[in-house]
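Notes follow once the structure below has been shown.
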Amino acid sequence: DLLPRGFIITAHMDLRLLDLQGNDRLNPASPGAVDLSKVKVYYVVDGKERLFYRSNLEAARGYLVYTPKETGERYYSLRLFFNIESKEEVTTTIVDWGDGHRDVFKVAFIRKKNRISQRSIWLNDSLIFDLQKKIGGTQPMYEIKR
């Protein structure tokens, strides 16, 4: 399905992944770094987990990783692209970090004629971003510590 020209989609969140000592687990040089080649993104569509892979996209595996040099921040970040393929009011995107941890993101979207945008985001059933309630700021960014 090709979307019409001028169609706007806001369906992503930037994530930082830190250990309990504050080490950046997305930095390949960091102790305990996540092996990014093992990270998998699943979209739940019609109740089934489907591995996301689209070879024609820049984010072929459902995410992009940005270095501190690219973002001007101290940490690496992972931009996760949420499931907009399911027509459910709240869609589910799962990140399997490849180290035994899985995080479940549920996203409620506002769907208009020329726009899809995220209204609320839950991580493992905790509300972490909400437009109306002004939770999570203007740029969806979230820090996961474990």
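So you can find residues: chains in the structure tokens are A, B, ... in the order shown, residues in each start at 1, and ligands are numbered from 1 in order.
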Near A:Leu17, counting only C-alpha atoms, which residues have an atom at most 8 Å away, once you skip same-chain residues fewer than 4 positions from it, shown as a PyMOL selection string? chain A and resi 24-26+77+143-146
Could you give me the residues within stretch 3-90 of chain A that DSSP places in helix (DSSP H, G or I), as a short mmCIF file (atom, residue, chain, number, x, y, z; two decimals) with C-alpha atoms, in the first residue's frame?
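The resulting file, part_20.cif, is shown below:
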```cif
data_model
loop_
_atom_site.label_atom_id
_atom_site.label_comp_id
_atom_site.auth_asym_id
_atom_site.auth_seq_id
_atom_site.Cartn_x
_atom_site.Cartn_y
_atom_site.Cartn_z
CA LEU A 36 22.42 -5.15 17.57
CA SER A 37 22.55 -7.96 15.00
CA LYS A 38 20.33 -9.98 17.39
CA PRO A 68 26.15 10.45 19.91
CA LYS A 69 27.89 12.24 17.02
CA GLU A 70 24.66 12.08 14.98
CA THR A 71 22.36 13.23 17.80
#
```
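Each of A:Asp35, A:Asp14, A:Asp46, A:Asp19 was checked against A:Tyr63 using only C-alpha atoms; the smallest atom-to-atom distance is that of A:Asp14.
Of the residues listed (A:Ala29, A:Leu57, A:Val39, A:Leu51), A:Val39 shows the shortest atom-to-atom separation from A:Asp99; distances use only C-alpha atoms.
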Shell around A:Ala60 at 12 Å using only C-alpha atoms, local window under 3 positions removed, as a list in words: Lys40, Val41, Leu51, Phe52, Tyr53, Arg54, Ser55, Asn56, Leu57, Tyr63, Leu64, Val65, Leu80 and Phe81 of chain A
Filtering to all heavy atoms, could you give me those residues as a short mmCIF file (atom, residue, chain, number, x, y, z; two decimals), in the first residue's frame?
```cif
data_model
loop_
_atom_site.label_atom_id
_atom_site.label_comp_id
_atom_site.auth_asym_id
_atom_site.auth_seq_id
_atom_site.Cartn_x
_atom_site.Cartn_y
_atom_site.Cartn_z
N LYS A 40 15.46 -7.94 17.33
CA LYS A 40 14.37 -8.20 16.39
C LYS A 40 13.13 -7.41 16.82
O LYS A 40 12.86 -7.28 18.00
CB LYS A 40 14.03 -9.69 16.36
CG LYS A 40 15.12 -10.56 15.75
CD LYS A 40 14.67 -12.01 15.68
CE LYS A 40 15.63 -12.86 14.89
NZ LYS A 40 16.94 -13.03 15.50
N VAL A 41 12.41 -6.93 15.83
CA VAL A 41 11.17 -6.19 16.06
C VAL A 41 10.03 -7.02 15.47
O VAL A 41 10.12 -7.50 14.34
CB VAL A 41 11.22 -4.80 15.41
CG1 VAL A 41 9.86 -4.10 15.50
CG2 VAL A 41 12.31 -3.94 16.07
N LEU A 51 7.65 -11.06 12.46
CA LEU A 51 8.96 -10.42 12.42
C LEU A 51 8.92 -9.32 11.37
O LEU A 51 8.49 -9.53 10.24
CB LEU A 51 10.03 -11.45 12.06
CG LEU A 51 11.46 -10.91 11.94
CD1 LEU A 51 11.96 -10.39 13.30
CD2 LEU A 51 12.39 -12.00 11.42
N PHE A 52 9.37 -8.13 11.75
CA PHE A 52 9.38 -7.00 10.81
C PHE A 52 10.68 -7.04 10.02
O PHE A 52 11.77 -7.01 10.59
CB PHE A 52 9.26 -5.66 11.54
CG PHE A 52 9.19 -4.50 10.59
CD1 PHE A 52 7.97 -4.06 10.11
CD2 PHE A 52 10.34 -3.89 10.14
CE1 PHE A 52 7.90 -3.01 9.21
CE2 PHE A 52 10.29 -2.84 9.23
CZ PHE A 52 9.07 -2.40 8.76
N TYR A 53 10.55 -7.10 8.72
CA TYR A 53 11.71 -6.96 7.83
C TYR A 53 11.22 -6.47 6.48
O TYR A 53 10.38 -7.12 5.86
CB TYR A 53 12.49 -8.27 7.67
CG TYR A 53 13.73 -8.05 6.81
CD1 TYR A 53 14.84 -7.42 7.34
CD2 TYR A 53 13.74 -8.43 5.48
CE1 TYR A 53 15.96 -7.17 6.55
CE2 TYR A 53 14.85 -8.18 4.68
CZ TYR A 53 15.95 -7.55 5.23
OH TYR A 53 17.05 -7.29 4.45
N ARG A 54 11.70 -5.31 6.07
CA ARG A 54 11.36 -4.74 4.77
C ARG A 54 12.67 -4.27 4.14
O ARG A 54 13.17 -3.19 4.47
CB ARG A 54 10.41 -3.54 4.88
CG ARG A 54 9.13 -3.78 5.66
CD ARG A 54 8.11 -4.59 4.89
NE ARG A 54 6.87 -4.70 5.62
CZ ARG A 54 6.63 -5.52 6.64
NH1 ARG A 54 7.59 -6.30 7.09
NH2 ARG A 54 5.46 -5.57 7.22
N SER A 55 13.22 -5.07 3.24
CA SER A 55 14.54 -4.79 2.68
C SER A 55 14.59 -3.45 1.94
O SER A 55 15.67 -2.88 1.78
CB SER A 55 14.98 -5.92 1.75
OG SER A 55 14.04 -6.06 0.70
N ASN A 56 13.44 -2.94 1.51
CA ASN A 56 13.42 -1.69 0.75
C ASN A 56 13.47 -0.44 1.63
O ASN A 56 13.58 0.66 1.12
CB ASN A 56 12.18 -1.63 -0.14
CG ASN A 56 10.89 -1.69 0.65
OD1 ASN A 56 10.77 -2.43 1.63
ND2 ASN A 56 9.90 -0.91 0.24
N LEU A 57 13.39 -0.60 2.93
CA LEU A 57 13.37 0.55 3.83
C LEU A 57 14.74 0.81 4.45
O LEU A 57 15.50 -0.13 4.69
CB LEU A 57 12.37 0.33 4.97
CG LEU A 57 10.90 0.15 4.58
CD1 LEU A 57 10.07 -0.09 5.83
CD2 LEU A 57 10.39 1.36 3.82
N TYR A 63 14.01 -0.52 13.02
CA TYR A 63 14.65 0.47 13.88
C TYR A 63 15.90 1.02 13.19
O TYR A 63 16.42 0.43 12.24
CB TYR A 63 15.02 -0.12 15.24
CG TYR A 63 16.07 -1.21 15.17
CD1 TYR A 63 17.43 -0.90 15.21
CD2 TYR A 63 15.71 -2.55 15.06
CE1 TYR A 63 18.39 -1.90 15.12
CE2 TYR A 63 16.66 -3.54 14.98
CZ TYR A 63 18.00 -3.21 15.01
OH TYR A 63 18.94 -4.20 14.91
N LEU A 64 16.35 2.17 13.70
CA LEU A 64 17.63 2.76 13.31
C LEU A 64 18.40 3.05 14.58
O LEU A 64 17.79 3.34 15.62
CB LEU A 64 17.42 4.07 12.54
CG LEU A 64 16.70 3.97 11.20
CD1 LEU A 64 16.37 5.37 10.68
CD2 LEU A 64 17.55 3.22 10.18
N VAL A 65 19.72 3.00 14.53
CA VAL A 65 20.55 3.35 15.69
C VAL A 65 21.33 4.61 15.35
O VAL A 65 21.91 4.72 14.27
CB VAL A 65 21.51 2.19 16.05
CG1 VAL A 65 22.44 2.62 17.18
CG2 VAL A 65 20.71 0.96 16.46
N LEU A 80 12.77 3.33 17.31
CA LEU A 80 11.88 2.21 17.06
C LEU A 80 10.66 2.71 16.29
O LEU A 80 10.03 3.69 16.69
CB LEU A 80 11.44 1.60 18.39
CG LEU A 80 10.39 0.50 18.33
CD1 LEU A 80 10.93 -0.73 17.59
CD2 LEU A 80 9.95 0.12 19.74
N PHE A 81 10.35 2.04 15.18
CA PHE A 81 9.18 2.40 14.38
C PHE A 81 8.03 1.47 14.75
O PHE A 81 8.17 0.25 14.69
CB PHE A 81 9.52 2.32 12.89
CG PHE A 81 10.51 3.37 12.49
CD1 PHE A 81 11.86 3.09 12.49
CD2 PHE A 81 10.10 4.66 12.17
CE1 PHE A 81 12.80 4.06 12.15
CE2 PHE A 81 11.03 5.65 11.84
CZ PHE A 81 12.38 5.34 11.83
#
```
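For the pair atom CA of A:Val45 and atom CA of A:Ser86, the interatomic distance is 5.4 Å.
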Might you pull out every residue within 8 Å of stretch 118-129 of chain A, with only C-alpha atoms counted and same-chain residues fewer than 3 positions away left off, and present them as a list in words? Thr10, Ala11, Asp103, Val104, Phe105, Lys106, Val107, Ala108, Phe109, Ile110, Gln132, Lys134, Ile135, Gly136, Gly137, Pro140 and Tyr142 of chain A
Give me a file of those residues, with all heavy atoms, as a compact mmCIF listing (two decimals), in the first residue's frame.
```txt
# COMPACT_ATOMS: atom_id res chain seq x y z
N THR A 10 3.56 9.87 12.22
CA THR A 10 4.40 9.99 13.41
C THR A 10 4.15 8.72 14.20
O THR A 10 3.11 8.58 14.85
CB THR A 10 4.03 11.23 14.24
OG1 THR A 10 4.04 12.38 13.39
CG2 THR A 10 5.03 11.44 15.38
N ALA A 11 5.11 7.79 14.09
CA ALA A 11 4.90 6.48 14.73
C ALA A 11 6.26 5.91 15.12
O ALA A 11 6.69 4.88 14.62
CB ALA A 11 4.17 5.53 13.77
N ASP A 103 10.57 -6.21 25.25
CA ASP A 103 9.75 -5.08 25.68
C ASP A 103 8.56 -4.96 24.75
O ASP A 103 8.71 -5.06 23.52
CB ASP A 103 10.56 -3.78 25.69
CG ASP A 103 11.54 -3.72 26.86
OD1 ASP A 103 11.10 -3.97 27.99
OD2 ASP A 103 12.73 -3.44 26.64
N VAL A 104 7.39 -4.75 25.34
CA VAL A 104 6.14 -4.67 24.58
C VAL A 104 5.65 -3.22 24.60
O VAL A 104 5.40 -2.66 25.67
CB VAL A 104 5.06 -5.61 25.16
CG1 VAL A 104 3.76 -5.47 24.39
CG2 VAL A 104 5.56 -7.05 25.16
N PHE A 105 5.55 -2.64 23.42
CA PHE A 105 5.04 -1.28 23.26
C PHE A 105 3.64 -1.37 22.67
O PHE A 105 3.42 -2.03 21.67
CB PHE A 105 5.93 -0.48 22.30
CG PHE A 105 7.29 -0.19 22.84
CD1 PHE A 105 8.32 -1.11 22.70
CD2 PHE A 105 7.56 1.00 23.51
CE1 PHE A 105 9.58 -0.85 23.21
CE2 PHE A 105 8.81 1.27 24.01
CZ PHE A 105 9.83 0.33 23.86
N LYS A 106 2.70 -0.69 23.34
CA LYS A 106 1.34 -0.57 22.80
C LYS A 106 1.14 0.90 22.49
O LYS A 106 1.50 1.76 23.31
CB LYS A 106 0.31 -1.08 23.80
CG LYS A 106 0.47 -2.57 24.00
CD LYS A 106 -0.68 -3.21 24.73
CE LYS A 106 -0.37 -4.69 24.78
NZ LYS A 106 -1.49 -5.49 25.08
N VAL A 107 0.59 1.17 21.32
CA VAL A 107 0.47 2.55 20.86
C VAL A 107 -0.94 2.80 20.37
O VAL A 107 -1.46 2.06 19.54
CB VAL A 107 1.48 2.84 19.72
CG1 VAL A 107 1.41 4.31 19.32
CG2 VAL A 107 2.91 2.49 20.15
N ALA A 108 -1.55 3.88 20.92
CA ALA A 108 -2.85 4.34 20.44
C ALA A 108 -2.59 5.46 19.44
O ALA A 108 -1.81 6.39 19.72
CB ALA A 108 -3.69 4.86 21.59
N PHE A 109 -3.21 5.36 18.28
CA PHE A 109 -2.98 6.33 17.20
C PHE A 109 -4.21 7.20 16.97
O PHE A 109 -5.35 6.78 17.19
CB PHE A 109 -2.66 5.61 15.89
CG PHE A 109 -1.30 5.00 15.87
CD1 PHE A 109 -1.14 3.64 16.08
CD2 PHE A 109 -0.18 5.78 15.67
CE1 PHE A 109 0.11 3.07 16.06
CE2 PHE A 109 1.09 5.21 15.66
CZ PHE A 109 1.23 3.86 15.86
N ILE A 110 -3.94 8.40 16.47
CA ILE A 110 -4.98 9.26 15.91
C ILE A 110 -4.86 9.02 14.40
O ILE A 110 -3.79 9.20 13.82
CB ILE A 110 -4.70 10.74 16.24
CG1 ILE A 110 -4.68 10.96 17.75
CG2 ILE A 110 -5.72 11.64 15.54
CD1 ILE A 110 -4.06 12.28 18.17
N GLN A 132 -2.29 14.25 25.27
CA GLN A 132 -3.25 15.05 26.04
C GLN A 132 -2.77 15.31 27.45
O GLN A 132 -2.94 16.40 27.98
CB GLN A 132 -4.62 14.36 26.09
CG GLN A 132 -5.48 14.61 24.88
CD GLN A 132 -5.22 13.59 23.76
OE1 GLN A 132 -4.47 12.64 23.93
NE2 GLN A 132 -5.82 13.82 22.61
N LYS A 134 0.27 15.35 28.44
CA LYS A 134 1.61 15.96 28.40
C LYS A 134 2.65 15.08 29.13
O LYS A 134 3.53 15.58 29.82
CB LYS A 134 1.62 17.36 29.00
CG LYS A 134 0.61 18.31 28.38
CD LYS A 134 1.20 19.03 27.19
CE LYS A 134 0.34 20.16 26.68
NZ LYS A 134 -0.67 19.80 25.72
N ILE A 135 2.51 13.77 28.97
CA ILE A 135 3.48 12.84 29.55
C ILE A 135 4.51 12.54 28.47
O ILE A 135 4.14 12.19 27.35
CB ILE A 135 2.80 11.53 30.00
CG1 ILE A 135 1.82 11.82 31.14
CG2 ILE A 135 3.84 10.48 30.42
CD1 ILE A 135 0.94 10.64 31.50
N GLY A 136 5.79 12.67 28.79
CA GLY A 136 6.82 12.28 27.85
C GLY A 136 7.35 13.39 26.96
O GLY A 136 8.15 13.13 26.07
N GLY A 137 6.94 14.62 27.17
CA GLY A 137 7.48 15.73 26.39
C GLY A 137 6.98 15.76 24.96
O GLY A 137 6.06 15.03 24.59
N PRO A 140 9.08 12.03 21.63
CA PRO A 140 9.04 10.79 22.40
C PRO A 140 10.43 10.16 22.53
O PRO A 140 11.01 9.70 21.56
CB PRO A 140 8.10 9.89 21.60
CG PRO A 140 7.52 10.71 20.52
CD PRO A 140 8.31 11.95 20.40
N TYR A 142 12.64 7.72 25.50
CA TYR A 142 12.48 6.99 26.74
C TYR A 142 13.77 6.26 27.07
O TYR A 142 14.43 5.74 26.19
CB TYR A 142 11.31 6.00 26.64
CG TYR A 142 10.94 5.44 27.99
CD1 TYR A 142 10.22 6.21 28.91
CD2 TYR A 142 11.33 4.17 28.36
CE1 TYR A 142 9.91 5.71 30.16
CE2 TYR A 142 11.00 3.66 29.61
CZ TYR A 142 10.29 4.44 30.51
OH TYR A 142 9.98 3.94 31.73
```
